[in-house]
Amino acid sequence: MRNSKIVITIITLFLCFKGIAQFNQNDEKQIVIGKVDSLYSEILQEQREIWIHIPEDFNSTKKYPVIYVLDASQQFYVITGMQKQLTPFKIPQSIIVGITNTDRTRDFTHTNVPFQRGHESETSGGASNFLKFINQELKPYINNKYPTENNNTIIGHSTGGLFVLYSYLFHENSFDNYLAIDPSLWWDKENLVKETQEQLNKGNRKEKSLYIAVANSIGKAMDTVKVRRDKTVLTEQIRANLKFHDLLVKNNKEINFKWEFFENEDHGSIVVPAQYNGLRSIFSWFPFPEMWRFNTPKEYSAKELTEPFKTHYKKLSIQMKREVKPEWELLNQVGFFMLDGHNLPEKALAYLELNADFYPNESKSFVALGNYFLSQKNKSEAINNYKKAVGIDGNQEAQAKLKQLE
């Protein structure tokens, strides 16, 4: 039993050290969560500053989804901390790109309204150009500099949330995941809300994930029923969001969304809980709870232990638009954990064969199988697998084993 507990601990630590994004510490003992970069935009005709966070265990041979975060000076710190808390089991390790502002109203609004809510907004209406900057300049810049997945997320709050929904409705293929936090759908007399149904009738958004968080901007003054009937400026933010919610519900068979109302949060305080819930929602396909069945293997058949790996990683591959596999070391350790920790050779073999299915061109897959059969005193099968390993790349360990056996 003691050996089993040790192996469980080793496997858990392996997963955590492989997956958790620790913040870097430099020679001056400073905690560093990212770096500042910039690029010149021909589309916007200005230099644009971006903040970059990459996982500490960054490996150029791996690929990482990208999370684009608007209002970097306010949101970057939150989202990097959130990723650190949620990886490796709830969301994938991602590269985070924070976009700082030069003219926030211009970039985040899709229509020109020279004067709004008592403020000058003559430059408003530049969302289309700003999205072109992201798609045609920023994304290629990030993709050329880092090993990125073809999986992109956009996160925005307030007017940034308006931009997120504009992108979702008018340019749905710009991102895979859309996270809008208390979006300013009141803009231009609810113009975007009025355009929603027409846009939802176009394109295909079934494979896109949309999460919308709405704050309680009216306090306890009235409930949502009264809000819908109200016409004052005080309620225009939540009224617009409620109308948008109704349209999403009306079209729920054609879209994948979650709309969440935070009764105890206002427009400012909603950011942290919304980012947490939002990331969990848009990456709901990522967690793999069935993996931990190896802790109680006697409750499951060999197929019930291994089949979930095939199902889960097939789902991940669809989401990432490429083949995604479990770590070879993980399956190998679990396989021998079944053998040495639980004395379940049939189930150990199932995991090791699964590893060979995922990694048929890795000689170590067949060395592991050879070692397994050797432990079971099945000399002929051990020899067969060692020969397969040698045939792949001349594996020296396999050659040494063959000399001992033949």
# chains A, B, ... in the order shown; residues from 1 in each chain; ligands from 1
$ closest_atom_pairs --of "region 157-251 of chain A" --to "region 75-97 of chain A" --cutoff "12 Å" --atoms "only C-alpha atoms" --output "CSV"
residue,atom,partner,partner_atom,distance
A:His157,CA,A:Gln75,CA,8.6
A:Ser158,CA,A:Gln75,CA,11.7
A:Gly160,CA,A:Gln75,CA,10.8
A:Ile181,CA,A:Gln75,CA,11.3
$ residues_around --residues "region 376-393 of chain A" --least-positions-apart "5" --cutoff "6 Å" --atoms "only C-alpha atoms" --output "PyMOL selection string"
chain A and resi 363+366-367+370+398
$ residues_around --residues "region 206-214 of chain A" --least-positions-apart "3" --cutoff "8 Å" --atoms "only C-alpha atoms" --output "number ranges by chain"
A: 172, 175-183, 238, 241, 254-262, 270, 274, 278, 281-282
$ write_last_selection --atoms "N, CA, C and O atoms" --output "compact mmCIF listing (two decimals), in the first residue's frame"
# COMPACT_ATOMS: atom_id res chain seq x y z
N GLU A 172 -17.25 35.94 -37.10
CA GLU A 172 -17.24 34.82 -36.15
C GLU A 172 -16.03 33.92 -36.28
O GLU A 172 -15.68 33.21 -35.34
N PHE A 175 -12.08 34.24 -33.99
CA PHE A 175 -11.66 33.54 -32.78
C PHE A 175 -12.46 32.25 -32.61
O PHE A 175 -13.51 32.07 -33.24
N ASP A 176 -11.96 31.40 -31.74
CA ASP A 176 -12.69 30.17 -31.40
C ASP A 176 -13.54 30.36 -30.15
O ASP A 176 -14.59 29.74 -30.01
N ASN A 177 -13.07 31.22 -29.26
CA ASN A 177 -13.74 31.43 -27.98
C ASN A 177 -13.90 32.92 -27.73
O ASN A 177 -12.95 33.70 -27.89
N TYR A 178 -15.10 33.31 -27.27
CA TYR A 178 -15.42 34.72 -27.04
C TYR A 178 -15.89 34.88 -25.60
O TYR A 178 -16.85 34.22 -25.18
N LEU A 179 -15.23 35.76 -24.85
CA LEU A 179 -15.57 35.98 -23.45
C LEU A 179 -15.84 37.47 -23.25
O LEU A 179 -14.92 38.28 -23.26
N ALA A 180 -17.12 37.82 -23.09
CA ALA A 180 -17.54 39.22 -22.95
C ALA A 180 -18.02 39.46 -21.53
O ALA A 180 -18.95 38.79 -21.06
N ILE A 181 -17.40 40.42 -20.85
CA ILE A 181 -17.73 40.71 -19.45
C ILE A 181 -18.49 42.03 -19.37
O ILE A 181 -17.96 43.09 -19.73
N ASP A 182 -19.72 41.96 -18.92
CA ASP A 182 -20.62 43.12 -18.81
C ASP A 182 -20.48 44.05 -20.01
O ASP A 182 -20.13 45.23 -19.88
N PRO A 183 -20.77 43.54 -21.20
CA PRO A 183 -20.56 44.32 -22.42
C PRO A 183 -21.46 45.54 -22.51
O PRO A 183 -22.61 45.52 -22.06
N ILE A 238 -28.08 47.08 -18.32
CA ILE A 238 -28.61 45.74 -18.08
C ILE A 238 -29.80 45.44 -19.00
O ILE A 238 -30.01 44.29 -19.41
N ASN A 241 -28.40 44.09 -22.18
CA ASN A 241 -27.88 42.74 -22.00
C ASN A 241 -29.01 41.72 -21.87
O ASN A 241 -28.88 40.58 -22.34
N GLU A 254 -28.59 26.83 -32.46
CA GLU A 254 -27.60 27.13 -33.48
C GLU A 254 -26.27 27.65 -32.92
O GLU A 254 -25.31 27.81 -33.66
N ILE A 255 -26.23 27.90 -31.63
CA ILE A 255 -25.02 28.48 -31.02
C ILE A 255 -24.69 27.78 -29.72
O ILE A 255 -25.53 27.13 -29.11
N ASN A 256 -23.44 27.95 -29.30
CA ASN A 256 -22.95 27.36 -28.06
C ASN A 256 -22.58 28.50 -27.12
O ASN A 256 -21.55 29.14 -27.30
N PHE A 257 -23.44 28.77 -26.16
CA PHE A 257 -23.19 29.94 -25.30
C PHE A 257 -23.57 29.66 -23.84
O PHE A 257 -24.34 28.74 -23.54
N LYS A 258 -23.02 30.51 -22.99
CA LYS A 258 -23.44 30.55 -21.59
C LYS A 258 -23.56 32.01 -21.19
O LYS A 258 -22.64 32.80 -21.42
N TRP A 259 -24.68 32.37 -20.62
CA TRP A 259 -24.97 33.74 -20.17
C TRP A 259 -25.16 33.68 -18.66
O TRP A 259 -25.95 32.88 -18.17
N GLU A 260 -24.41 34.49 -17.93
CA GLU A 260 -24.44 34.39 -16.46
C GLU A 260 -24.64 35.76 -15.83
O GLU A 260 -23.94 36.72 -16.17
N PHE A 261 -25.57 35.84 -14.92
CA PHE A 261 -25.88 37.09 -14.19
C PHE A 261 -25.27 37.03 -12.80
O PHE A 261 -25.50 36.08 -12.05
N PHE A 262 -24.49 38.04 -12.45
CA PHE A 262 -23.82 38.10 -11.15
C PHE A 262 -24.56 39.11 -10.27
O PHE A 262 -24.28 40.31 -10.29
N ILE A 270 -17.10 42.60 -11.20
CA ILE A 270 -17.46 41.38 -11.91
C ILE A 270 -16.28 40.74 -12.63
O ILE A 270 -16.29 39.54 -12.94
N ALA A 274 -15.95 36.66 -13.30
CA ALA A 274 -16.36 36.39 -14.67
C ALA A 274 -15.23 35.76 -15.47
O ALA A 274 -15.46 34.86 -16.29
N GLY A 278 -15.71 32.25 -16.88
CA GLY A 278 -15.65 32.29 -18.33
C GLY A 278 -14.61 31.33 -18.90
O GLY A 278 -14.87 30.61 -19.86
N SER A 281 -15.82 27.91 -18.65
CA SER A 281 -16.89 27.65 -19.61
C SER A 281 -16.37 27.43 -21.02
O SER A 281 -16.70 26.42 -21.66
N ILE A 282 -15.54 28.34 -21.51
CA ILE A 282 -15.09 28.22 -22.90
C ILE A 282 -14.12 27.07 -23.09
O ILE A 282 -13.95 26.57 -24.21
$ closest_residue --among "A:Arg280, A:Glu323, A:Val32, A:Thr159" --to "His267 (chain A)" --atoms "only C-alpha atoms"
A:Thr159
$ select_by_dssp --residues "region 57-164 of chain A" --states "helix (DSSP H, G or I)" --output "number ranges by chain"
A: 72-86, 104-108, 127-145, 159-164
$ residues_around --residues "region 123-126 of chain A" --least-positions-apart "3" --cutoff "12 Å" --atoms "only C-alpha atoms" --output "ChimeraX atom specification"
/A:43-44,102-116,119-120,129-133,159,162-163,166,187-188,191
$ closest_residue --among "A:Lys231, A:Lys220, A:Lys325, A:Lys226" --to "Glu263 (chain A)" --atoms "only C-alpha atoms"
A:Lys220
$ closest_residue --among "A:Ile134, A:Ile50, A:Leu316, A:Val69" --to "Thr153 (chain A)" --atoms "only C-alpha atoms"
A:Val69
$ closest_residue --among "A:Val271, A:Leu279, A:Ile142, A:Met320" --to "Ile154 (chain A)" --atoms "only C-alpha atoms"
A:Leu279
$ atom_distance --atom1 "CA of Leu248 (chain A)" --atom2 "CA of Ile99 (chain A)"
28.1 Å
$ atom_distance --atom1 "CA of Phe244 (chain A)" --atom2 "CA of Asp266 (chain A)"
18.8 Å
$ residues_around --residues "Lys63 (chain A)" --least-positions-apart "5" --cutoff "6 Å" --atoms "only C-alpha atoms" --output "list in words"
Pro147, Thr148 and Glu149 of chain A
$ select_by_dssp --residues "region 128-174 of chain A" --states "strand (DSSP E or B)" --output "list in words"
Thr148, Glu149, Asn150, Asn151, Asn152, Thr153, Ile154, Ile155, Gly156 and His157 of chain A
$ closest_residue --among "A:Lys145, A:Lys29, A:Arg322, A:Arg229" --to "Ile54 (chain A)" --atoms "only C-alpha atoms"
A:Lys145
$ residues_around --residues "Phe288 (chain A)" --least-positions-apart "4" --cutoff "10 Å" --atoms "only C-alpha atoms" --output "list of chain:residue names"
A:Phe89, A:Lys90, A:Ser284, A:Trp292, A:Pro308, A:Phe309, A:His312, A:Tyr313
$ closest_residue --among "A:Gln275, A:Asn173, A:Ser317, A:Gln45" --to "Gly161 (chain A)" --atoms "only C-alpha atoms"
A:Gln275
$ residues_around --residues "Asn201 (chain A)" --least-positions-apart "2" --cutoff "12 Å" --atoms "only C-alpha atoms" --output "ChimeraX atom specification"
/A:169-170,195-199,203-205,247-248,250-251,253-255
$ write_last_selection --atoms "all heavy atoms" --output "compact mmCIF listing (two decimals), in the first residue's frame"
# COMPACT_ATOMS: atom_id res chain seq x y z
N LEU A 169 -20.40 38.39 -33.79
CA LEU A 169 -21.55 38.49 -34.68
C LEU A 169 -21.17 38.75 -36.13
O LEU A 169 -21.76 38.17 -37.05
CB LEU A 169 -22.49 39.61 -34.20
CG LEU A 169 -23.24 39.33 -32.89
CD1 LEU A 169 -23.98 40.58 -32.43
CD2 LEU A 169 -24.21 38.17 -33.04
N PHE A 170 -20.18 39.62 -36.35
CA PHE A 170 -19.85 40.03 -37.71
C PHE A 170 -18.64 39.32 -38.31
O PHE A 170 -18.48 39.29 -39.52
CB PHE A 170 -19.63 41.55 -37.75
CG PHE A 170 -20.88 42.35 -37.65
CD1 PHE A 170 -21.41 42.68 -36.41
CD2 PHE A 170 -21.55 42.78 -38.79
CE1 PHE A 170 -22.58 43.42 -36.31
CE2 PHE A 170 -22.73 43.51 -38.69
CZ PHE A 170 -23.25 43.84 -37.45
N GLU A 195 -28.90 44.40 -34.45
CA GLU A 195 -28.30 43.69 -35.59
C GLU A 195 -28.14 42.19 -35.32
O GLU A 195 -27.83 41.42 -36.23
CB GLU A 195 -26.92 44.28 -35.89
CG GLU A 195 -26.93 45.72 -36.34
CD GLU A 195 -27.17 45.85 -37.82
OE1 GLU A 195 -27.29 44.81 -38.50
OE2 GLU A 195 -27.25 46.99 -38.31
N THR A 196 -28.36 41.77 -34.08
CA THR A 196 -27.99 40.42 -33.66
C THR A 196 -28.70 39.32 -34.44
O THR A 196 -28.06 38.39 -34.95
CB THR A 196 -28.25 40.24 -32.15
OG1 THR A 196 -27.37 41.11 -31.42
CG2 THR A 196 -27.99 38.81 -31.72
N GLN A 197 -30.02 39.39 -34.54
CA GLN A 197 -30.75 38.30 -35.19
C GLN A 197 -30.33 38.12 -36.65
O GLN A 197 -30.13 37.00 -37.12
CB GLN A 197 -32.26 38.54 -35.12
CG GLN A 197 -33.08 37.37 -35.65
CD GLN A 197 -32.82 36.07 -34.91
OE1 GLN A 197 -33.04 35.96 -33.71
NE2 GLN A 197 -32.29 35.07 -35.62
N GLU A 198 -30.17 39.22 -37.35
CA GLU A 198 -29.76 39.14 -38.76
C GLU A 198 -28.40 38.48 -38.89
O GLU A 198 -28.18 37.65 -39.78
CB GLU A 198 -29.71 40.54 -39.37
CG GLU A 198 -29.31 40.54 -40.84
CD GLU A 198 -29.25 41.93 -41.44
OE1 GLU A 198 -29.70 42.89 -40.78
OE2 GLU A 198 -28.75 42.06 -42.59
N GLN A 199 -27.48 38.81 -37.98
CA GLN A 199 -26.14 38.23 -38.05
C GLN A 199 -26.14 36.76 -37.64
O GLN A 199 -25.40 35.95 -38.21
CB GLN A 199 -25.17 39.03 -37.16
CG GLN A 199 -24.93 40.45 -37.63
CD GLN A 199 -24.47 40.51 -39.08
OE1 GLN A 199 -23.58 39.76 -39.50
NE2 GLN A 199 -25.09 41.38 -39.86
N GLY A 203 -23.69 32.54 -41.33
CA GLY A 203 -22.51 31.83 -40.81
C GLY A 203 -22.85 30.62 -39.97
O GLY A 203 -24.01 30.23 -39.81
N ASN A 204 -21.80 30.03 -39.37
CA ASN A 204 -21.95 28.83 -38.55
C ASN A 204 -21.14 29.03 -37.27
O ASN A 204 -19.92 29.11 -37.29
CB ASN A 204 -21.44 27.60 -39.30
CG ASN A 204 -21.62 26.32 -38.51
OD1 ASN A 204 -22.11 26.34 -37.38
ND2 ASN A 204 -21.21 25.21 -39.09
N ARG A 205 -21.85 29.12 -36.15
CA ARG A 205 -21.19 29.38 -34.86
C ARG A 205 -21.28 28.19 -33.91
O ARG A 205 -20.98 28.33 -32.73
CB ARG A 205 -21.80 30.61 -34.21
CG ARG A 205 -21.56 31.89 -35.01
CD ARG A 205 -22.30 33.08 -34.42
NE ARG A 205 -22.08 34.27 -35.20
CZ ARG A 205 -22.71 34.56 -36.33
NH1 ARG A 205 -23.62 33.72 -36.80
NH2 ARG A 205 -22.44 35.67 -36.98
N LEU A 247 -32.27 36.95 -27.26
CA LEU A 247 -31.96 36.55 -28.64
C LEU A 247 -31.09 35.30 -28.67
O LEU A 247 -31.26 34.44 -29.53
CB LEU A 247 -31.25 37.70 -29.37
CG LEU A 247 -32.16 38.89 -29.71
CD1 LEU A 247 -31.32 40.10 -30.12
CD2 LEU A 247 -33.13 38.51 -30.83
N LEU A 248 -30.17 35.19 -27.73
CA LEU A 248 -29.34 34.00 -27.65
C LEU A 248 -30.19 32.77 -27.33
O LEU A 248 -30.02 31.70 -27.93
CB LEU A 248 -28.25 34.17 -26.58
CG LEU A 248 -27.19 35.25 -26.84
CD1 LEU A 248 -26.21 35.30 -25.68
CD2 LEU A 248 -26.45 35.00 -28.14
N LYS A 250 -33.33 32.38 -27.95
CA LYS A 250 -34.16 32.12 -29.13
C LYS A 250 -33.40 31.30 -30.16
O LYS A 250 -34.00 30.48 -30.88
CB LYS A 250 -34.61 33.45 -29.74
CG LYS A 250 -35.46 33.32 -30.99
CD LYS A 250 -35.81 34.69 -31.55
CE LYS A 250 -36.57 34.57 -32.86
NZ LYS A 250 -36.89 35.92 -33.43
N ASN A 251 -32.08 31.49 -30.23
CA ASN A 251 -31.25 30.81 -31.23
C ASN A 251 -30.36 29.74 -30.62
O ASN A 251 -29.34 29.37 -31.20
CB ASN A 251 -30.39 31.84 -31.96
CG ASN A 251 -31.19 32.82 -32.78
OD1 ASN A 251 -31.50 32.57 -33.93
ND2 ASN A 251 -31.55 33.95 -32.17
N LYS A 253 -30.28 26.63 -30.38
CA LYS A 253 -29.97 25.39 -31.10
C LYS A 253 -28.86 25.59 -32.13
O LYS A 253 -28.27 24.61 -32.61
CB LYS A 253 -31.22 24.84 -31.78
CG LYS A 253 -32.29 24.36 -30.81
CD LYS A 253 -33.49 23.78 -31.54
CE LYS A 253 -34.54 23.27 -30.56
NZ LYS A 253 -35.73 22.71 -31.25
N GLU A 254 -28.59 26.83 -32.46
CA GLU A 254 -27.60 27.13 -33.48
C GLU A 254 -26.27 27.65 -32.92
O GLU A 254 -25.31 27.81 -33.66
CB GLU A 254 -28.16 28.18 -34.46
CG GLU A 254 -29.47 27.79 -35.10
CD GLU A 254 -29.34 26.50 -35.91
OE1 GLU A 254 -28.27 26.31 -36.54
OE2 GLU A 254 -30.29 25.69 -35.90
N ILE A 255 -26.23 27.90 -31.63
CA ILE A 255 -25.02 28.48 -31.02
C ILE A 255 -24.69 27.78 -29.72
O ILE A 255 -25.53 27.13 -29.11
CB ILE A 255 -25.18 30.01 -30.77
CG1 ILE A 255 -26.43 30.29 -29.92
CG2 ILE A 255 -25.25 30.76 -32.10
CD1 ILE A 255 -26.63 31.76 -29.62
